[in-house]
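Novice: Pasting input-v1.txt here (compact mmCIF, C-alpha atoms and all ligand atoms):
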# COMPACT_ATOMS: atom_id res chain seq x y z
CA MET R 132 153.06 130.09 239.08
CA ALA R 133 152.59 128.65 242.57
CA THR R 134 150.38 125.61 243.01
CA LEU R 135 148.97 124.03 246.16
CA GLU R 136 148.15 120.37 245.67
CA ILE R 137 146.14 118.38 248.17
CA ARG R 138 146.16 114.69 247.30
CA ASP R 139 144.02 112.04 248.96
CA LEU R 140 144.35 113.75 252.34
CA HIS R 141 143.20 111.75 255.35
CA VAL R 142 143.11 113.41 258.77
CA SER R 143 142.12 112.16 262.20
CA VAL R 144 141.35 114.12 265.31
CA ASP R 145 142.03 112.99 268.88
CA ALA R 146 138.55 112.55 270.22
CA GLU R 147 137.40 110.94 273.44
CA GLY R 148 137.59 107.21 272.92
CA GLY R 149 140.46 107.45 270.45
CA PRO R 150 141.29 108.94 267.06
CA ARG R 151 138.42 109.64 264.70
CA GLU R 152 138.85 110.04 260.95
CA ILE R 153 137.38 113.34 259.78
CA LEU R 154 138.95 113.89 256.35
CA LYS R 155 138.45 110.88 254.12
CA GLY R 156 140.47 111.55 251.01
CA VAL R 157 140.49 115.21 249.94
CA ASP R 158 141.81 116.04 246.47
CA LEU R 159 142.17 119.68 245.45
CA THR R 160 144.55 121.84 243.42
CA VAL R 161 144.66 125.62 243.90
CA LYS R 162 146.80 127.69 241.55
CA GLN R 163 148.03 131.23 242.13
CA GLY R 164 145.40 133.63 240.76
CA GLU R 165 142.48 131.21 241.22
CA THR R 166 139.65 131.55 243.75
CA HIS R 167 138.07 128.35 245.04
CA ALA R 168 135.13 128.17 247.42
CA ILE R 169 134.68 125.14 249.62
CA MET R 170 131.10 124.91 250.81
CA GLY R 171 129.34 122.34 252.89
CA PRO R 172 127.14 121.52 255.84
CA ASN R 173 128.21 122.07 259.42
CA GLY R 174 130.40 119.28 260.70
CA SER R 175 131.49 118.09 257.25
CA GLY R 176 135.17 118.76 258.01
CA LYS R 177 135.81 122.12 256.31
CA SER R 178 137.58 123.65 259.31
CA THR R 179 139.48 120.40 259.84
CA LEU R 180 140.88 120.84 256.33
CA ALA R 181 141.90 124.43 257.10
CA TYR R 182 143.46 123.51 260.46
CA SER R 183 145.30 120.57 258.93
CA LEU R 184 146.83 122.80 256.27
CA ALA R 185 147.82 125.22 259.04
CA GLY R 186 149.62 122.44 260.90
CA HIS R 187 147.43 122.53 263.99
CA PRO R 188 148.76 119.92 266.47
CA LYS R 189 145.32 118.50 267.25
CA TYR R 190 144.94 117.09 263.75
CA THR R 191 146.93 114.05 262.61
CA VAL R 192 147.49 113.43 258.93
CA THR R 193 147.14 109.69 258.41
CA GLY R 194 147.47 109.62 254.65
CA GLY R 195 147.93 111.64 251.50
CA GLN R 196 150.05 114.62 250.55
CA VAL R 197 150.03 118.42 250.55
CA LEU R 198 152.52 120.03 248.17
CA LEU R 199 153.29 123.70 247.53
CA ASP R 200 155.25 123.93 244.29
CA GLY R 201 156.24 120.34 244.82
CA GLU R 202 157.53 120.94 248.37
CA ASP R 203 156.06 118.80 251.13
CA VAL R 204 153.99 121.18 253.28
CA LEU R 205 153.23 118.50 255.88
CA GLU R 206 156.95 118.29 256.72
CA MET R 207 157.10 122.06 257.38
CA SER R 208 156.73 123.83 260.71
CA VAL R 209 154.01 126.45 260.97
CA ASP R 210 156.60 129.21 260.36
CA GLU R 211 158.04 127.41 257.38
CA ARG R 212 154.57 127.14 255.87
CA ALA R 213 154.16 130.92 256.17
CA ARG R 214 157.60 131.55 254.66
CA ALA R 215 156.81 129.19 251.79
CA GLY R 216 153.87 131.47 250.95
CA LEU R 217 150.87 129.86 252.64
CA PHE R 218 148.52 132.16 254.52
CA LEU R 219 146.39 130.49 257.14
CA ALA R 220 144.64 132.97 259.35
CA MET R 221 143.98 130.39 262.04
CA GLN R 222 147.63 129.50 262.48
CA TYR R 223 147.96 132.37 264.94
CA PRO R 224 146.84 132.14 268.56
CA VAL R 225 143.44 133.42 269.49
CA GLU R 226 144.84 136.10 271.76
CA VAL R 227 148.37 137.43 271.94
CA PRO R 228 148.54 139.18 275.29
CA GLY R 229 150.56 142.38 275.36
CA VAL R 230 151.37 142.37 271.63
CA SER R 231 149.97 145.24 269.62
CA VAL R 232 148.50 144.72 266.15
CA SER R 233 151.25 146.89 264.72
CA ASN R 234 154.09 144.84 266.30
CA PHE R 235 152.38 141.59 265.52
CA LEU R 236 152.05 142.47 261.84
CA ARG R 237 155.69 143.58 261.59
CA THR R 238 156.88 140.35 263.24
CA ALA R 239 154.73 138.32 260.84
CA ALA R 240 156.01 140.30 257.84
CA THR R 241 159.60 139.81 259.03
CA ALA R 242 159.05 136.05 259.29
CA VAL R 243 157.49 135.83 255.84
CA ARG R 244 159.86 138.20 254.02
CA GLY R 245 163.00 136.99 255.77
CA GLU R 246 163.96 140.53 256.82
CA ALA R 247 162.35 143.28 258.84
CA PRO R 248 160.51 145.78 256.64
CA LYS R 249 162.00 149.27 256.79
CA LEU R 250 160.12 151.02 259.58
CA ARG R 251 159.01 154.18 257.77
CA LEU R 252 157.83 152.34 254.67
CA TRP R 253 156.15 149.76 256.87
CA VAL R 254 154.18 152.33 258.85
CA LYS R 255 152.97 153.82 255.57
CA GLU R 256 152.06 150.40 254.17
CA VAL R 257 150.05 149.50 257.30
CA LYS R 258 148.29 152.88 257.32
CA GLU R 259 147.24 152.51 253.69
CA ALA R 260 146.03 148.94 254.13
CA MET R 261 144.06 149.92 257.23
CA ALA R 262 142.48 152.88 255.48
CA ALA R 263 141.44 150.62 252.60
CA LEU R 264 139.66 148.38 255.13
CA SER R 265 138.02 151.41 256.81
CA MET R 266 139.87 150.64 260.04
CA ASP R 267 140.45 153.22 262.75
CA PRO R 268 144.23 153.94 262.97
CA ALA R 269 143.98 153.45 266.77
CA PHE R 270 143.32 149.77 266.06
CA ALA R 271 147.04 149.29 265.33
CA GLU R 272 147.87 149.96 268.98
CA ARG R 273 145.40 147.48 270.43
CA ASN R 274 146.51 144.07 271.63
CA VAL R 275 145.96 141.27 269.15
CA ASN R 276 142.49 139.80 269.42
CA GLU R 277 141.93 141.23 272.90
CA GLY R 278 138.27 142.14 272.97
CA PHE R 279 138.04 142.15 269.16
CA SER R 280 134.53 141.90 267.80
CA GLY R 281 133.82 139.31 265.10
CA GLY R 282 134.10 142.02 262.46
CA GLU R 283 137.40 143.34 263.86
CA LYS R 284 138.89 139.84 263.85
CA LYS R 285 137.97 139.41 260.22
CA ARG R 286 139.31 142.83 259.23
CA HIS R 287 142.53 142.00 261.06
CA GLU R 288 142.68 138.75 259.10
CA ILE R 289 142.27 140.56 255.77
CA LEU R 290 144.79 143.20 256.88
CA GLN R 291 147.34 140.41 257.40
CA LEU R 292 146.43 138.98 254.00
CA GLU R 293 147.01 142.34 252.28
CA LEU R 294 150.33 142.96 254.03
CA LEU R 295 151.83 139.47 253.89
CA LYS R 296 151.09 138.89 250.19
CA PRO R 297 151.04 135.08 250.27
CA LYS R 298 150.94 132.75 247.27
CA VAL R 299 147.97 130.79 248.58
CA ALA R 300 145.53 131.96 251.23
CA ILE R 301 143.13 129.76 253.16
CA LEU R 302 140.26 131.71 254.73
CA ASP R 303 137.83 129.83 256.95
CA GLU R 304 134.30 131.17 257.57
CA THR R 305 135.38 134.67 256.60
CA ASP R 306 131.77 135.76 256.43
CA SER R 307 130.60 134.51 259.82
CA GLY R 308 129.85 137.18 262.38
CA LEU R 309 129.96 140.02 259.84
CA ASP R 310 127.24 142.58 259.33
CA VAL R 311 126.52 143.64 255.76
CA ASP R 312 128.92 146.63 255.77
CA ALA R 313 131.77 144.61 257.27
CA LEU R 314 131.09 141.77 254.82
CA ARG R 315 131.38 144.22 251.93
CA ILE R 316 134.62 145.73 253.24
CA VAL R 317 136.19 142.33 253.89
CA SER R 318 135.06 141.09 250.46
CA GLU R 319 136.55 144.18 248.79
CA GLY R 320 139.82 143.44 250.61
CA ILE R 321 139.84 139.88 249.33
CA ASN R 322 138.97 141.09 245.82
CA ARG R 323 141.81 143.66 245.94
CA VAL R 324 144.29 140.93 246.84
CA ARG R 325 142.77 138.69 244.19
CA SER R 326 143.01 141.36 241.49
CA THR R 327 146.81 141.24 241.73
CA GLY R 328 146.51 137.77 240.17
CA GLU R 329 149.28 136.63 242.51
CA VAL R 330 147.26 134.90 245.22
CA GLY R 331 145.36 131.65 245.08
CA THR R 332 142.45 131.72 247.49
CA LEU R 333 140.62 128.91 249.21
CA LEU R 334 137.48 130.36 250.74
CA VAL R 335 135.89 127.97 253.22
CA THR R 336 132.31 128.78 254.08
CA HIS R 337 128.97 127.41 255.13
CA TYR R 338 127.08 130.38 253.68
CA THR R 339 126.60 131.54 250.13
CA ARG R 340 126.24 135.23 250.95
CA ILE R 341 129.96 136.15 250.67
CA LEU R 342 129.86 134.71 247.14
CA ARG R 343 127.60 137.59 246.12
CA TYR R 344 130.66 139.80 246.54
CA ILE R 345 133.40 137.39 245.53
CA LYS R 346 132.73 135.34 242.42
CA PRO R 347 134.76 132.16 242.76
CA ASP R 348 136.33 130.48 239.74
CA TYR R 349 135.51 127.09 241.24
CA VAL R 350 133.03 125.85 243.84
CA HIS R 351 133.48 122.53 245.65
CA VAL R 352 130.86 120.86 247.79
CA PHE R 353 132.29 119.25 250.91
CA ALA R 354 130.35 116.50 252.69
CA ALA R 355 131.36 113.83 255.19
CA GLY R 356 135.06 114.58 254.92
CA LYS R 357 135.60 114.94 251.20
CA ILE R 358 134.75 116.87 248.05
CA VAL R 359 131.64 115.36 246.52
CA GLU R 360 131.02 117.78 243.66
CA SER R 361 132.92 120.54 241.87
CA GLY R 362 131.74 123.19 239.46
CA GLY R 363 131.86 126.87 238.59
CA ALA R 364 130.24 129.85 240.33
CA GLU R 365 126.80 128.59 239.23
CA LEU R 366 127.13 125.69 241.71
CA ALA R 367 126.97 128.23 244.57
CA ASP R 368 123.66 129.54 243.19
CA LYS R 369 122.31 126.02 243.15
CA LEU R 370 123.42 125.51 246.77
CA GLU R 371 121.78 128.77 247.80
CA GLU R 372 118.47 127.53 246.38
CA GLU R 373 118.62 123.88 247.32
CA GLY R 374 120.86 123.73 250.38
CA TYR R 375 123.03 120.73 251.18
CA GLU R 376 120.31 118.21 251.77
CA SER R 377 120.89 116.16 248.65
CA TYR R 378 124.55 115.73 249.57
CA VAL R 379 123.95 114.73 253.16
CA LYS R 380 121.14 112.25 252.64
CA GLY R 381 122.58 108.79 252.60
CA GLY R 382 125.98 110.44 252.19
CA ALA R 383 127.94 109.80 255.37
P1 LIG R 401 132.95 122.18 259.61
O1 LIG R 401 134.01 123.22 259.66
O2 LIG R 401 132.66 121.68 258.23
O3 LIG R 401 131.70 122.60 260.30
P2 LIG R 401 134.69 120.68 261.38
O4 LIG R 401 135.93 120.42 260.60
O5 LIG R 401 134.73 121.77 262.38
O6 LIG R 401 133.47 120.86 260.38
O7 LIG R 401 134.27 119.33 262.13
C1 LIG R 401 134.12 118.09 261.45
C2 LIG R 401 133.82 117.00 262.42
O8 LIG R 401 134.96 116.74 263.22
C3 LIG R 401 132.70 117.33 263.40
O9 LIG R 401 131.94 116.17 263.59
C4 LIG R 401 133.42 117.73 264.66
O10 LIG R 401 132.67 117.43 265.79
C5 LIG R 401 134.67 116.88 264.58
N1 LIG R 401 135.82 117.54 265.22
C6 LIG R 401 136.51 118.58 264.72
N2 LIG R 401 137.49 118.96 265.56
C7 LIG R 401 137.42 118.12 266.62
C8 LIG R 401 138.17 117.98 267.82
N3 LIG R 401 139.18 118.79 268.08
N4 LIG R 401 137.79 117.00 268.69
C9 LIG R 401 136.76 116.18 268.40
N5 LIG R 401 136.03 116.26 267.28
C10 LIG R 401 136.34 117.21 266.40
MG MG R 402 134.03 125.19 260.30
MG MG R 403 133.28 114.84 258.17
Could you show the structure in this file as structure tokens?
Specialist:
Amino acid sequence: MATLEIRDLHVSVDAEGGPREILKGVDLTVKQGETHAIMGPNGSGKSTLAYSLAGHPKYTVTGGQVLLDGEDVLEMSVDERARAGLFLAMQYPVEVPGVSVSNFLRTAATAVRGEAPKLRLWVKEVKEAMAALSMDPAFAERNVNEGFSGGEKKRHEILQLELLKPKVAILDETDSGLDVDALRIVSEGINRVRSTGEVGTLLVTHYTRILRYIKPDYVHVFAAGKIVESGGAELADKLEEEGYESYVKGGA
């Protein structure tokens, strides 16, 4: 059973005027099969956490540890993180000029699996996953992220998730920019992956609306660079009613 452990993680970002500490001691354990939601106000550092786990060069880890099954994730290259079973949608470039979705996905699957998937089986696998996400087959021939709408980007993200079968997936703001139909389809995709019991999911979001479709096992409130409260799914209901005000006031 795979486990991602984040221990007392401190991260700084290179801002004008020097480094600025954004993450101030994050502790979190995500096990395969569990769904955790990280919720918090804008600017609290949620995306910084996701980017740091993805190994984005702009973020410098100044303290703490990230372990996947005891292996030091912070020592791994971005590719090594993917091979180890971490899925971080934002690890990929915003646009990949001249690379089709279909080729991109096969390259990613080859990197993660350690060998190229057999072409005929792969085509079938992609077709089925796309159909499940109500995606037009023509989408596979488009260039990655070129002119994608918000909804298409998110569907592409969930398509990767379904095909790459990671141990732990980190999804940042998966519900932003989605209309209600797209939100439902994306949520169903996440729930399908979840129902295998083989993926641990860290769902990072500002909004509570995706949690109407995906019931998390744990909810964590993030404020001023760390987790300030943890609970079950009922904590999301409380946040929906009361907002983040009580966590921000006098917090940072
Ligand atoms: P959230 O995702 O919770 O809205 P972020 O992690 O995006 O929060 O940002 C947390 C804080 O760090 C914000 O105050 C933001 O301005 C700052 N920050 C994040 N990335 C950078 C960066 N690359 N350069 C300067 N400041 C940054
Ligand atoms: Mg964010
Ligand atoms: Mg902060």
Novice: Using all atoms listed in the file, which protein or nucleic acid residues come within 7 Å of range 259-272 of chain R? Drop anything in the same chain fewer than 2 positions from it, and give the result as a short mmCIF file (atom, residue, chain, number, x, y, z; two decimals) with C-alpha atoms, in the frame of the given file.
Specialist:
data_model
loop_
_atom_site.label_atom_id
_atom_site.label_comp_id
_atom_site.auth_asym_id
_atom_site.auth_seq_id
_atom_site.Cartn_x
_atom_site.Cartn_y
_atom_site.Cartn_z
CA SER R 231 149.97 145.24 269.62
CA VAL R 232 148.50 144.72 266.15
CA SER R 233 151.25 146.89 264.72
CA LYS R 255 152.97 153.82 255.57
CA GLU R 256 152.06 150.40 254.17
CA VAL R 257 150.05 149.50 257.30
CA ASN R 274 146.51 144.07 271.63
CA ARG R 286 139.31 142.83 259.23
CA LEU R 290 144.79 143.20 256.88
CA GLU R 293 147.01 142.34 252.28
CA ILE R 316 134.62 145.73 253.24
CA GLY R 320 139.82 143.44 250.61
#
Novice: Do you have, as a tab-separated table, the list of residues of chain R lying at most 12 Å from ligand LIG 401 (chain R), each with its nearest atom pair and that distance in Å to one decimal, counting all atoms listed in the file and ordered by chain then number?
Specialist:
residue	atom	partner	partner_atom	distance
R:Val142	CA	R:LIG401	O8	9.9
R:Ser143	CA	R:LIG401	O8	8.6
R:Val144	CA	R:LIG401	C8	5.6
R:Asp145	CA	R:LIG401	N4	5.8
R:Ala146	CA	R:LIG401	C9	4.4
R:Glu147	CA	R:LIG401	C9	7.3
R:Gly148	CA	R:LIG401	C9	10.1
R:Gly149	CA	R:LIG401	C9	9.7
R:Pro150	CA	R:LIG401	C9	8.6
R:Arg151	CA	R:LIG401	N5	7.5
R:Glu152	CA	R:LIG401	O8	8.1
R:Ile153	CA	R:LIG401	O8	5.4
R:Leu154	CA	R:LIG401	C1	8.2
R:Lys155	CA	R:LIG401	C1	11.2
R:Ile169	CA	R:LIG401	O2	9.5
R:Met170	CA	R:LIG401	O2	8.2
R:Gly171	CA	R:LIG401	O2	6.3
R:Pro172	CA	R:LIG401	O2	6.0
R:Asn173	CA	R:LIG401	O3	3.6
R:Gly174	CA	R:LIG401	O6	3.5
R:Ser175	CA	R:LIG401	O2	3.9
R:Gly176	CA	R:LIG401	O4	3.2
R:Lys177	CA	R:LIG401	O2	3.7
R:Ser178	CA	R:LIG401	O1	3.6
R:Thr179	CA	R:LIG401	O4	3.6
R:Leu180	CA	R:LIG401	O4	6.6
R:Ala181	CA	R:LIG401	O4	8.0
R:Tyr182	CA	R:LIG401	O4	8.1
R:Ser183	CA	R:LIG401	O4	9.5
R:Leu184	CA	R:LIG401	O4	12.0
R:His187	CA	R:LIG401	N3	9.9
R:Pro188	CA	R:LIG401	N3	9.8
R:Lys189	CA	R:LIG401	N3	6.2
R:Tyr190	CA	R:LIG401	N3	7.4
R:Thr191	CA	R:LIG401	N3	10.6
R:Leu302	CA	R:LIG401	O1	11.6
R:Asp303	CA	R:LIG401	O1	8.1
R:Glu304	CA	R:LIG401	O1	8.2
R:Thr305	CA	R:LIG401	O1	11.9
R:Ser307	CA	R:LIG401	O1	11.8
R:Leu334	CA	R:LIG401	O1	11.9
R:Val335	CA	R:LIG401	O1	8.2
R:Thr336	CA	R:LIG401	O1	8.1
R:His337	CA	R:LIG401	O2	7.5
R:Tyr338	CA	R:LIG401	O3	11.2
R:Val352	CA	R:LIG401	O2	10.6
R:Phe353	CA	R:LIG401	O2	7.7
R:Ala354	CA	R:LIG401	O2	7.9
R:Ala355	CA	R:LIG401	C1	8.1
R:Gly356	CA	R:LIG401	C1	7.5
R:Lys357	CA	R:LIG401	O2	10.2
R:Ile358	CA	R:LIG401	O2	11.5
R:Tyr375	CA	R:LIG401	O2	12.0
R:Ala383	CA	R:LIG401	O9	11.1
Novice: For CA of Leu250 in chain R and CA of Arg237 in chain R, quote the distance in Å rounded to one decimal.
Specialist: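 CA of Arg237 in chain R lies at a distance of 8.9 Å from CA of Leu250 in chain R.
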Novice: Can you tell me, as number ranges by chain, what residues are no more than 7 Å from His141 in chain R when counting all atoms listed in the file, ignoring any on the same chain fewer than 3 positions away?
Specialist: R: 154-157, 192-195
Novice: If you count all atoms listed in the file, which residues fall within 7 Å of Val299 in chain R, apart from same-chain ones fewer than 3 positions away, as a ChimeraX atom specification?
Specialist: /R:163,216-218,330-332
Novice: Suppose you want the space between CA of Thr166 in chain R and CA of Arg325 in chain R; what is it in Å?
Specialist: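 Separating CA of Thr166 in chain R from CA of Arg325 in chain R is a distance of 7.8 Å.
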Novice: If we count all atoms listed in the file and set the cut-off at 12 Å, which residues sit around Ala213 in chain R, ignoring sequence neighbours fewer than 2 positions away in its own chain? Please answer as an NGL selection string.
Specialist: :R and (184-186 or 199 or 204 or 207-211 or 215-223 or 239-245 or 291-292 or 295-301)
Novice: Quote the spacing between CA of Glu373 in chain R and CA of Thr160 in chain R in Å to one decimal place.
Specialist: 26.3 Å
Novice: For each of R:Glu136, R:Gly362, R:Glu288, R:Val230, take the minimum atom-to-atom distance to Pro347 in chain R, counting only C-alpha atoms, then give the residue where this is smallest.
Specialist: R:Gly362
Novice: Around the point (120.6, 130.3, 247.7) (coordinates from the file), which residues reach within 12 Å if we count only C-alpha atoms? Answer as a PDB file with C-alpha atoms, keeping the file's coordinate frame.
Specialist:
ATOM      1  CA  HIS R 337     128.970 127.410 255.130  1.00  0.00           C
ATOM      2  CA  TYR R 338     127.080 130.380 253.680  1.00  0.00           C
ATOM      3  CA  THR R 339     126.600 131.540 250.130  1.00  0.00           C
ATOM      4  CA  ARG R 340     126.240 135.230 250.950  1.00  0.00           C
ATOM      5  CA  ILE R 341     129.960 136.150 250.670  1.00  0.00           C
ATOM      6  CA  LEU R 342     129.860 134.710 247.140  1.00  0.00           C
ATOM      7  CA  ARG R 343     127.600 137.590 246.120  1.00  0.00           C
ATOM      8  CA  GLU R 365     126.800 128.590 239.230  1.00  0.00           C
ATOM      9  CA  LEU R 366     127.130 125.690 241.710  1.00  0.00           C
ATOM     10  CA  ALA R 367     126.970 128.230 244.570  1.00  0.00           C
ATOM     11  CA  ASP R 368     123.660 129.540 243.190  1.00  0.00           C
ATOM     12  CA  LYS R 369     122.310 126.020 243.150  1.00  0.00           C
ATOM     13  CA  LEU R 370     123.420 125.510 246.770  1.00  0.00           C
ATOM     14  CA  GLU R 371     121.780 128.770 247.800  1.00  0.00           C
ATOM     15  CA  GLU R 372     118.470 127.530 246.380  1.00  0.00           C
ATOM     16  CA  GLU R 373     118.620 123.880 247.320  1.00  0.00           C
ATOM     17  CA  GLY R 374     120.860 123.730 250.380  1.00  0.00           C
ATOM     18  CA  TYR R 375     123.030 120.730 251.180  1.00  0.00           C
TER      19      TYR R 375
END
Novice: Pick the closest to ligand MG 403 (chain R) from R:Val161, R:Val359, R:Leu314, R:Val197: which is it, counting only C-alpha atoms and all ligand atoms?
Specialist: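 That would be R:Val359, the residue with the smallest distance to ligand MG 403 (chain R).
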Novice: Given the choices R:Val379, R:Leu159, R:Leu236, R:Val275, which gets closest to ligand MG 403 (chain R) if the distance is worked out from only C-alpha atoms and all ligand atoms?
Specialist: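 The closest residue to ligand MG 403 (chain R) is R:Val379.
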